[in-house]
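Structure file input03.pdb (PDB, C-alpha atoms) follows.
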ATOM      1  CA  GLY A   2       0.000   0.000   0.000
ATOM      2  CA  ALA A   3       2.782   2.454   0.875
ATOM      3  CA  ALA A   4       4.532   1.840  -2.466
ATOM      4  CA  GLU A   5       1.284   2.408  -4.351
ATOM      5  CA  ALA A   6       0.673   5.661  -2.467
ATOM      6  CA  ARG A   7       4.221   6.822  -3.244
ATOM      7  CA  LEU A   8       3.865   5.863  -6.935
ATOM      8  CA  GLY A   9       0.351   7.286  -7.203
ATOM      9  CA  LEU A  10      -1.166   4.188  -8.764
ATOM     10  CA  ARG A  11      -2.521   0.740  -7.953
ATOM     11  CA  LEU A  12      -0.260  -2.081  -9.074
ATOM     12  CA  PRO A  13      -1.635  -5.191 -10.816
ATOM     13  CA  ASP A  14      -3.079  -7.796  -8.455
ATOM     14  CA  ASP A  15      -0.647 -10.567  -9.438
ATOM     15  CA  TYR A  16       2.327  -8.255  -8.887
ATOM     16  CA  ARG A  17       0.906  -7.125  -5.527
ATOM     17  CA  GLU A  18       0.614 -10.806  -4.540
ATOM     18  CA  PHE A  19       4.255 -11.351  -5.544
ATOM     19  CA  LEU A  20       5.381  -8.404  -3.400
ATOM     20  CA  GLN A  21       3.393  -9.699  -0.438
ATOM     21  CA  THR A  22       5.089 -13.103  -0.841
ATOM     22  CA  CYS A  23       8.625 -11.792  -1.345
ATOM     23  CA  ASP A  24       9.666  -8.169  -1.441
ATOM     24  CA  GLY A  25      11.834  -8.488  -4.548
ATOM     25  CA  LEU A  26      14.263 -11.208  -5.644
ATOM     26  CA  PRO A  27      18.020 -11.366  -6.227
ATOM     27  CA  ALA A  28      19.300 -11.753  -9.767
ATOM     28  CA  ASP A  29      20.062 -15.169 -11.213
ATOM     29  CA  VAL A  30      21.538 -16.452 -14.450
ATOM     30  CA  VAL A  31      18.519 -15.680 -16.644
ATOM     31  CA  PHE A  32      16.689 -13.002 -14.661
ATOM     32  CA  PRO A  33      17.549  -9.519 -13.364
ATOM     33  CA  ARG A  34      17.140  -8.463  -9.746
ATOM     34  CA  LEU A  35      13.491  -7.696  -9.017
ATOM     35  CA  LEU A  36      13.150  -4.591  -6.886
ATOM     36  CA  GLY A  37      11.555  -4.454  -3.475
ATOM     37  CA  THR A  38       8.698  -2.068  -2.742
ATOM     38  CA  ALA A  39      10.986   0.693  -1.441
ATOM     39  CA  GLU A  40      12.918   0.738  -4.742
ATOM     40  CA  LEU A  41      10.024   0.776  -7.236
ATOM     41  CA  ARG A  42       9.786   3.897  -9.341
ATOM     42  CA  ALA A  43       7.331   5.258 -11.874
ATOM     43  CA  GLU A  44       8.546   7.086 -14.956
ATOM     44  CA  GLY A  45       5.926   8.476 -17.309
ATOM     45  CA  GLY A  46       3.294   5.795 -16.696
ATOM     46  CA  VAL A  47       5.837   2.980 -16.584
ATOM     47  CA  VAL A  48       6.810   1.259 -13.343
ATOM     48  CA  VAL A  49      10.411   0.030 -13.228
ATOM     49  CA  ILE A  50      10.480  -3.253 -11.284
ATOM     50  CA  ALA A  51      13.984  -4.589 -12.043
ATOM     51  CA  ASP A  52      17.620  -3.571 -11.873
ATOM     52  CA  PRO A  53      18.814  -3.046 -14.509
ATOM     53  CA  ALA A  54      15.542  -1.565 -15.801
ATOM     54  CA  VAL A  55      14.734  -4.403 -18.184
ATOM     55  CA  VAL A  56      11.399  -5.480 -16.663
ATOM     56  CA  LEU A  57       8.652  -2.865 -16.613
ATOM     57  CA  LEU A  58       4.961  -2.640 -15.864
ATOM     58  CA  THR A  59       2.991  -0.560 -18.346
ATOM     59  CA  ALA A  60      -0.662   0.375 -18.265
ATOM     60  CA  ALA A  61      -2.723   0.114 -21.433
ATOM     61  CA  GLY A  62      -6.011   1.688 -20.439
ATOM     62  CA  GLU A  63      -7.021  -0.212 -17.327
ATOM     63  CA  ARG A  64      -4.962  -3.293 -18.187
ATOM     64  CA  TRP A  65      -1.378  -3.773 -17.113
ATOM     65  CA  ARG A  66       1.270  -5.492 -19.224
ATOM     66  CA  THR A  67       4.723  -6.673 -18.199
ATOM     67  CA  VAL A  68       7.429  -5.703 -20.658
ATOM     68  CA  GLU A  69      10.740  -7.543 -20.731
ATOM     69  CA  ILE A  70      13.640  -6.011 -22.632
ATOM     70  CA  ASP A  71      16.465  -8.350 -23.606
ATOM     71  CA  PRO A  72      19.357  -6.916 -25.651
ATOM     72  CA  ALA A  73      19.899 -10.249 -27.429
ATOM     73  CA  LEU A  74      16.318 -11.487 -27.807
ATOM     74  CA  GLY A  75      14.407  -8.232 -28.156
ATOM     75  CA  THR A  76      11.328  -7.017 -26.304
ATOM     76  CA  THR A  77       8.570  -9.337 -25.113
ATOM     77  CA  VAL A  78       5.221  -8.153 -23.796
ATOM     78  CA  HIS A  79       3.635 -10.520 -21.296
ATOM     79  CA  PRO A  80      -0.088 -10.183 -20.515
ATOM     80  CA  THR A  81       0.601 -10.433 -16.761
ATOM     81  CA  PHE A  82       3.487 -10.421 -14.324
ATOM     82  CA  ARG A  83       2.675 -14.032 -13.483
ATOM     83  CA  SER A  84       3.038 -15.039 -17.139
ATOM     84  CA  LEU A  85       6.551 -13.540 -17.141
ATOM     85  CA  LEU A  86       7.490 -15.650 -14.106
ATOM     86  CA  GLU A  87       5.950 -18.773 -15.643
ATOM     87  CA  ARG A  88       7.892 -18.200 -18.878
ATOM     88  CA  HIS A  89      11.172 -17.962 -16.983
ATOM     89  CA  LEU A  90      10.323 -21.050 -14.951
ATOM     90  CA  LEU A  91       9.838 -22.935 -18.206
ATOM     91  CA  LEU A  92      13.186 -21.647 -19.536
ATOM     92  CA  LEU A  93      14.929 -22.805 -16.355
ATOM     93  CA  ALA A  94      13.298 -26.228 -16.570
ATOM     94  CA  GLN A  95      14.359 -26.601 -20.208
ATOM     95  CA  SER A  96      17.956 -25.688 -19.426
ATOM     96  CA  ALA A  97      18.291 -28.316 -16.681
TER      97      ALA A  97
END

Write out the structure in this file as structure tokens.
Amino acid sequence: GAAEARLGLRLPDDYREFLQTCDGLPADVVFPRLLGTAELRAEGGVVVIADPAVVLLTAAGERWRTVEIDPALGTTVHPTFRSLLERHLLLLAQSA
């Protein structure tokens, strides 16, 4: 709630659930560090949720999208934050 008040917007429900479960995550081999609530920042309607700023939340009307920017693979737009996490889980499983 405090992060949303500071940012001036309500975050997507699945991302709020993630933050309530773990307040950010350290980086790993295939994923950047996900920021905790105190580090989130909004820039022109975009919420930066990773360091480096390669995972973003963007609002399209009343719907949020999660944008992932990869210098090698390009930009991917995920319909939800959860779908981004599920995609990376699949990539990790395939690499094992």

>> Please list as a PyMOL selection string every residue within 12 Å of region 84-90 of chain A, counting all atoms listed in the file and excluding residues in the same chain fewer than 6 positions away.
In response: chain A and resi 15-16+19+26+29-33+35+56-58+66-70+77-78+96-97

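Of the residues under consideration (A:Thr38, A:Leu74, A:Ala3, A:Arg11), A:Arg11 shows the shortest atom-to-atom contact distance to Thr59 (chain A) when counting all atoms listed in the file.
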
note - CA of Arg34 (chain A) and CA of Leu10 (chain A) are separated by 22.3 Å

Please provide the set of residues having any atom within 8 Å of Gly46 (chain A), restricted to all atoms listed in the file, with same-chain residues fewer than 2 positions apart removed, written as a PDB file with C-alpha atoms, in the frame of the given file.
ATOM      1  CA  ALA A  43       7.331   5.258 -11.874  1.00  0.00           C
ATOM      2  CA  GLU A  44       8.546   7.086 -14.956  1.00  0.00           C
ATOM      3  CA  VAL A  48       6.810   1.259 -13.343  1.00  0.00           C
ATOM      4  CA  THR A  59       2.991  -0.560 -18.346  1.00  0.00           C
ATOM      5  CA  ALA A  60      -0.662   0.375 -18.265  1.00  0.00           C
TER       6      ALA A  60
END

The distance between CA of Arg7 (chain A) and CA of His79 (chain A) is 25.0 Å

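Take CA of Phe82 (chain A) and CA of Leu20 (chain A): the distance between them is 11.3 Å.
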